[in-house]
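J.: Hey, dropping protein-v2.cif in here, mmCIF, N, CA and C atoms:
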```cif
data_input
loop_
_atom_site.label_atom_id
_atom_site.label_comp_id
_atom_site.auth_asym_id
_atom_site.auth_seq_id
_atom_site.Cartn_x
_atom_site.Cartn_y
_atom_site.Cartn_z
N MET A 662 36.29 -62.48 4.38
CA MET A 662 37.31 -61.67 4.97
C MET A 662 37.56 -60.47 4.07
N THR A 663 37.70 -59.31 4.61
CA THR A 663 37.90 -58.08 3.88
C THR A 663 39.35 -57.65 3.99
N MET A 664 39.91 -57.19 2.86
CA MET A 664 41.31 -56.74 2.87
C MET A 664 41.37 -55.30 3.33
N MET A 665 42.33 -55.00 4.15
CA MET A 665 42.51 -53.64 4.65
C MET A 665 43.80 -53.07 4.07
N GLY A 666 43.77 -51.79 3.76
CA GLY A 666 44.95 -51.11 3.26
C GLY A 666 45.89 -50.75 4.39
N TRP A 667 47.03 -50.13 4.05
CA TRP A 667 48.01 -49.79 5.06
C TRP A 667 47.51 -48.74 6.04
N ASN A 668 46.49 -47.95 5.63
CA ASN A 668 45.97 -46.92 6.53
C ASN A 668 44.68 -47.37 7.24
N GLY A 669 44.34 -48.62 7.12
CA GLY A 669 43.19 -49.15 7.82
C GLY A 669 41.88 -49.05 7.05
N GLU A 670 41.91 -48.50 5.81
CA GLU A 670 40.69 -48.39 5.01
C GLU A 670 40.53 -49.61 4.13
N MET A 671 39.33 -49.81 3.68
CA MET A 671 39.04 -50.95 2.81
C MET A 671 39.68 -50.70 1.45
N MET A 672 40.17 -51.76 0.82
CA MET A 672 40.75 -51.66 -0.51
C MET A 672 39.65 -52.01 -1.51
N GLY A 673 38.93 -51.02 -1.97
CA GLY A 673 37.79 -51.27 -2.86
C GLY A 673 37.92 -50.58 -4.19
N GLY A 674 39.05 -50.52 -4.78
CA GLY A 674 39.19 -49.91 -6.10
C GLY A 674 39.34 -48.41 -6.02
N TRP A 675 38.43 -47.70 -6.61
CA TRP A 675 38.52 -46.24 -6.74
C TRP A 675 37.93 -45.53 -5.53
N GLY A 676 37.39 -46.22 -4.62
CA GLY A 676 36.86 -45.60 -3.41
C GLY A 676 35.48 -45.00 -3.55
N ILE A 677 34.78 -45.31 -4.64
CA ILE A 677 33.46 -44.75 -4.85
C ILE A 677 32.39 -45.63 -4.22
N GLY A 678 32.68 -46.84 -4.07
CA GLY A 678 31.72 -47.77 -3.49
C GLY A 678 32.01 -49.16 -4.01
N PRO A 679 31.36 -50.12 -3.47
CA PRO A 679 31.63 -51.49 -3.89
C PRO A 679 31.17 -51.73 -5.33
N GLY A 680 32.09 -52.17 -6.17
CA GLY A 680 31.74 -52.58 -7.52
C GLY A 680 31.70 -51.49 -8.57
N PHE A 681 32.06 -50.25 -8.26
CA PHE A 681 31.97 -49.19 -9.25
C PHE A 681 33.31 -48.85 -9.90
N GLY A 682 34.39 -49.42 -9.45
CA GLY A 682 35.71 -49.15 -10.02
C GLY A 682 35.80 -49.56 -11.47
N TRP A 683 35.24 -50.68 -11.82
CA TRP A 683 35.28 -51.15 -13.20
C TRP A 683 34.51 -50.23 -14.13
N LEU A 684 33.43 -49.63 -13.63
CA LEU A 684 32.61 -48.73 -14.44
C LEU A 684 33.40 -47.47 -14.79
N ILE A 685 34.12 -46.94 -13.84
CA ILE A 685 34.93 -45.75 -14.09
C ILE A 685 36.04 -46.08 -15.09
N GLN A 686 36.66 -47.22 -14.94
CA GLN A 686 37.70 -47.62 -15.89
C GLN A 686 37.12 -47.79 -17.29
N LEU A 687 35.96 -48.39 -17.39
CA LEU A 687 35.30 -48.58 -18.67
C LEU A 687 35.01 -47.23 -19.32
N LEU A 688 34.46 -46.31 -18.57
CA LEU A 688 34.17 -44.97 -19.10
C LEU A 688 35.45 -44.27 -19.54
N PHE A 689 36.51 -44.42 -18.76
CA PHE A 689 37.80 -43.82 -19.10
C PHE A 689 38.30 -44.35 -20.44
N PHE A 690 38.26 -45.66 -20.63
CA PHE A 690 38.73 -46.25 -21.88
C PHE A 690 37.84 -45.88 -23.06
N ILE A 691 36.55 -45.76 -22.85
CA ILE A 691 35.65 -45.32 -23.91
C ILE A 691 36.00 -43.91 -24.35
N VAL A 692 36.27 -43.03 -23.40
CA VAL A 692 36.65 -41.65 -23.72
C VAL A 692 37.97 -41.63 -24.49
N ILE A 693 38.94 -42.41 -24.07
CA ILE A 693 40.24 -42.47 -24.76
C ILE A 693 40.07 -42.96 -26.19
N ILE A 694 39.28 -44.00 -26.38
CA ILE A 694 39.04 -44.54 -27.73
C ILE A 694 38.31 -43.52 -28.59
N TYR A 695 37.33 -42.83 -28.02
CA TYR A 695 36.59 -41.80 -28.76
C TYR A 695 37.52 -40.67 -29.20
N LEU A 696 38.39 -40.20 -28.31
CA LEU A 696 39.31 -39.13 -28.65
C LEU A 696 40.30 -39.57 -29.73
N ALA A 697 40.77 -40.81 -29.66
CA ALA A 697 41.66 -41.33 -30.69
C ALA A 697 40.95 -41.39 -32.04
N PHE A 698 39.69 -41.80 -32.04
CA PHE A 698 38.89 -41.86 -33.27
C PHE A 698 38.74 -40.47 -33.88
N ILE A 699 38.41 -39.48 -33.05
CA ILE A 699 38.25 -38.10 -33.53
C ILE A 699 39.56 -37.58 -34.10
N LEU A 700 40.67 -37.83 -33.42
CA LEU A 700 41.98 -37.38 -33.89
C LEU A 700 42.33 -38.00 -35.24
N ILE A 701 42.07 -39.28 -35.40
CA ILE A 701 42.37 -39.96 -36.67
C ILE A 701 41.50 -39.38 -37.79
N ARG A 702 40.23 -39.12 -37.50
CA ARG A 702 39.35 -38.53 -38.52
C ARG A 702 39.84 -37.16 -38.93
N LYS A 703 40.26 -36.35 -37.96
CA LYS A 703 40.75 -35.00 -38.27
C LYS A 703 42.01 -35.06 -39.13
N LEU A 704 42.90 -35.99 -38.83
CA LEU A 704 44.15 -36.09 -39.58
C LEU A 704 43.93 -36.61 -41.00
N ASN A 705 42.89 -37.40 -41.22
CA ASN A 705 42.64 -37.97 -42.53
C ASN A 705 41.75 -37.11 -43.41
N ASN A 706 41.03 -36.16 -42.85
CA ASN A 706 40.12 -35.33 -43.63
C ASN A 706 40.86 -34.22 -44.34
N ILE A 707 40.43 -33.93 -45.56
CA ILE A 707 40.95 -32.80 -46.32
C ILE A 707 40.17 -31.56 -45.87
N PRO A 708 40.87 -30.46 -45.60
CA PRO A 708 40.16 -29.23 -45.20
C PRO A 708 39.13 -28.80 -46.24
N GLU A 709 38.06 -28.19 -45.79
CA GLU A 709 36.95 -27.79 -46.65
C GLU A 709 37.41 -26.85 -47.77
N SER A 710 38.34 -25.94 -47.48
CA SER A 710 38.80 -24.99 -48.49
C SER A 710 39.51 -25.73 -49.63
N GLU A 711 40.28 -26.76 -49.31
CA GLU A 711 40.95 -27.53 -50.36
C GLU A 711 39.95 -28.31 -51.20
N LYS A 712 38.89 -28.81 -50.58
CA LYS A 712 37.87 -29.53 -51.33
C LYS A 712 37.23 -28.62 -52.36
N LYS A 713 36.92 -27.37 -51.96
CA LYS A 713 36.29 -26.43 -52.87
C LYS A 713 37.22 -26.09 -54.03
N GLU A 714 38.50 -25.87 -53.73
CA GLU A 714 39.46 -25.56 -54.78
C GLU A 714 39.59 -26.72 -55.75
N ASN A 715 39.69 -27.92 -55.22
CA ASN A 715 39.83 -29.10 -56.08
C ASN A 715 38.60 -29.26 -56.95
N ARG A 716 37.43 -29.02 -56.41
CA ARG A 716 36.19 -29.16 -57.17
C ARG A 716 36.11 -28.09 -58.25
N ALA A 717 36.53 -26.87 -57.94
CA ALA A 717 36.49 -25.79 -58.93
C ALA A 717 37.42 -26.11 -60.10
N GLU A 718 38.62 -26.59 -59.80
CA GLU A 718 39.55 -26.95 -60.87
C GLU A 718 39.02 -28.13 -61.68
N GLU A 719 38.37 -29.04 -61.03
CA GLU A 719 37.79 -30.20 -61.73
C GLU A 719 36.71 -29.74 -62.71
N ILE A 720 35.86 -28.84 -62.27
CA ILE A 720 34.80 -28.31 -63.14
C ILE A 720 35.42 -27.57 -64.32
N LEU A 721 36.46 -26.79 -64.05
CA LEU A 721 37.15 -26.06 -65.11
C LEU A 721 37.73 -27.02 -66.15
N ARG A 722 38.38 -28.08 -65.70
CA ARG A 722 38.93 -29.08 -66.62
C ARG A 722 37.84 -29.74 -67.45
N GLU A 723 36.71 -30.04 -66.82
CA GLU A 723 35.59 -30.66 -67.53
C GLU A 723 35.04 -29.74 -68.61
N ARG A 724 34.90 -28.46 -68.26
CA ARG A 724 34.40 -27.49 -69.25
C ARG A 724 35.35 -27.37 -70.44
N PHE A 725 36.66 -27.37 -70.15
CA PHE A 725 37.65 -27.30 -71.23
C PHE A 725 37.59 -28.56 -72.09
N ALA A 726 37.47 -29.71 -71.43
CA ALA A 726 37.42 -30.98 -72.16
C ALA A 726 36.18 -31.07 -73.05
N ARG A 727 35.07 -30.50 -72.62
CA ARG A 727 33.84 -30.52 -73.42
C ARG A 727 33.85 -29.48 -74.53
N GLY A 728 34.83 -28.58 -74.50
CA GLY A 728 34.90 -27.54 -75.52
C GLY A 728 34.07 -26.32 -75.21
N GLU A 729 33.61 -26.18 -73.99
CA GLU A 729 32.80 -25.01 -73.60
C GLU A 729 33.63 -23.74 -73.50
N ILE A 730 34.93 -23.91 -73.19
CA ILE A 730 35.82 -22.76 -73.07
C ILE A 730 37.08 -23.03 -73.89
N THR A 731 37.71 -21.95 -74.31
CA THR A 731 38.94 -22.08 -75.10
C THR A 731 40.13 -22.31 -74.17
N GLU A 732 41.27 -22.63 -74.79
CA GLU A 732 42.48 -22.85 -74.00
C GLU A 732 42.89 -21.57 -73.28
N GLU A 733 42.73 -20.44 -73.96
CA GLU A 733 43.07 -19.15 -73.34
C GLU A 733 42.18 -18.88 -72.12
N GLU A 734 40.88 -19.11 -72.27
CA GLU A 734 39.95 -18.91 -71.14
C GLU A 734 40.30 -19.86 -69.99
N TYR A 735 40.63 -21.09 -70.36
CA TYR A 735 41.00 -22.09 -69.35
C TYR A 735 42.20 -21.62 -68.53
N LYS A 736 43.23 -21.16 -69.22
CA LYS A 736 44.44 -20.71 -68.53
C LYS A 736 44.16 -19.50 -67.65
N LYS A 737 43.35 -18.55 -68.14
CA LYS A 737 43.02 -17.37 -67.35
C LYS A 737 42.25 -17.76 -66.08
N MET A 738 41.27 -18.63 -66.25
CA MET A 738 40.45 -19.04 -65.11
C MET A 738 41.27 -19.85 -64.11
N LYS A 739 42.18 -20.66 -64.61
CA LYS A 739 43.01 -21.45 -63.73
C LYS A 739 43.91 -20.53 -62.89
N GLU A 740 44.43 -19.48 -63.49
CA GLU A 740 45.25 -18.49 -62.75
C GLU A 740 44.44 -17.81 -61.66
N VAL A 741 43.19 -17.47 -61.99
CA VAL A 741 42.30 -16.81 -61.01
C VAL A 741 42.06 -17.75 -59.83
N LEU A 742 41.88 -19.02 -60.10
CA LEU A 742 41.63 -19.98 -59.02
C LEU A 742 42.84 -20.15 -58.11
N LYS A 743 44.04 -20.01 -58.67
CA LYS A 743 45.25 -20.16 -57.85
C LYS A 743 45.42 -19.01 -56.87
N ASN A 744 44.89 -17.84 -57.20
CA ASN A 744 45.03 -16.66 -56.32
C ASN A 744 43.98 -16.59 -55.28
#
```
Kindly present the structure from the file in structure tokens form.

T.:
Amino acid sequence: MTMMGWNGEMMGGWGIGPGFGWLIQLLFFIVIIYLAFILIRKLNNIPESEKKENRAEEILRERFARGEITEEEYKKMKEVLKN
């Protein structure tokens, strides 16, 4: 026995054909999960410009720690990096 809707049409899910309603729902949920994943990655990532600045300051500190540059040079270079 087939169920009929209030307008006399068959009640078959999304109306695409028999058995395809679940596929559309599955694709919809996959897209939602993918978008949530991308959003979370974007929120957790440090912008590329900040990474470069952090790396430059790290290199500067290492050079100072090894004695390659003086304290005065270190301070000057650090000021340049801030601008």

J.: Rounded to one decimal place, report the atom N of Gly728 of chain A-atom C of Arg716 of chain A distance in Å.

T.: 16.3 Å

J.: Please, what distance in Å, to one decimal, runs between atom CA of Val741 of chain A and atom CA of Asn706 of chain A?

T.: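 About the pair atom CA of Val741 of chain A and atom CA of Asn706 of chain A: they are 25.5 Å apart.
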
J.: Can you tell me how far atom N of Glu729 of chain A sits from atom CA of Asn744 of chain A, in Å to one decimal?

T.: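 So the two atoms, atom N of Glu729 of chain A and atom CA of Asn744 of chain A, lie 23.1 Å apart.
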
J.: I would like the residues chosen by the PyMOL selection byres (((chain A and resi 720-724 and name CA) around 12) and name CA) on the shown file; could you give them as number ranges by chain?

T.: A: 713-719, 725-732, 734-742
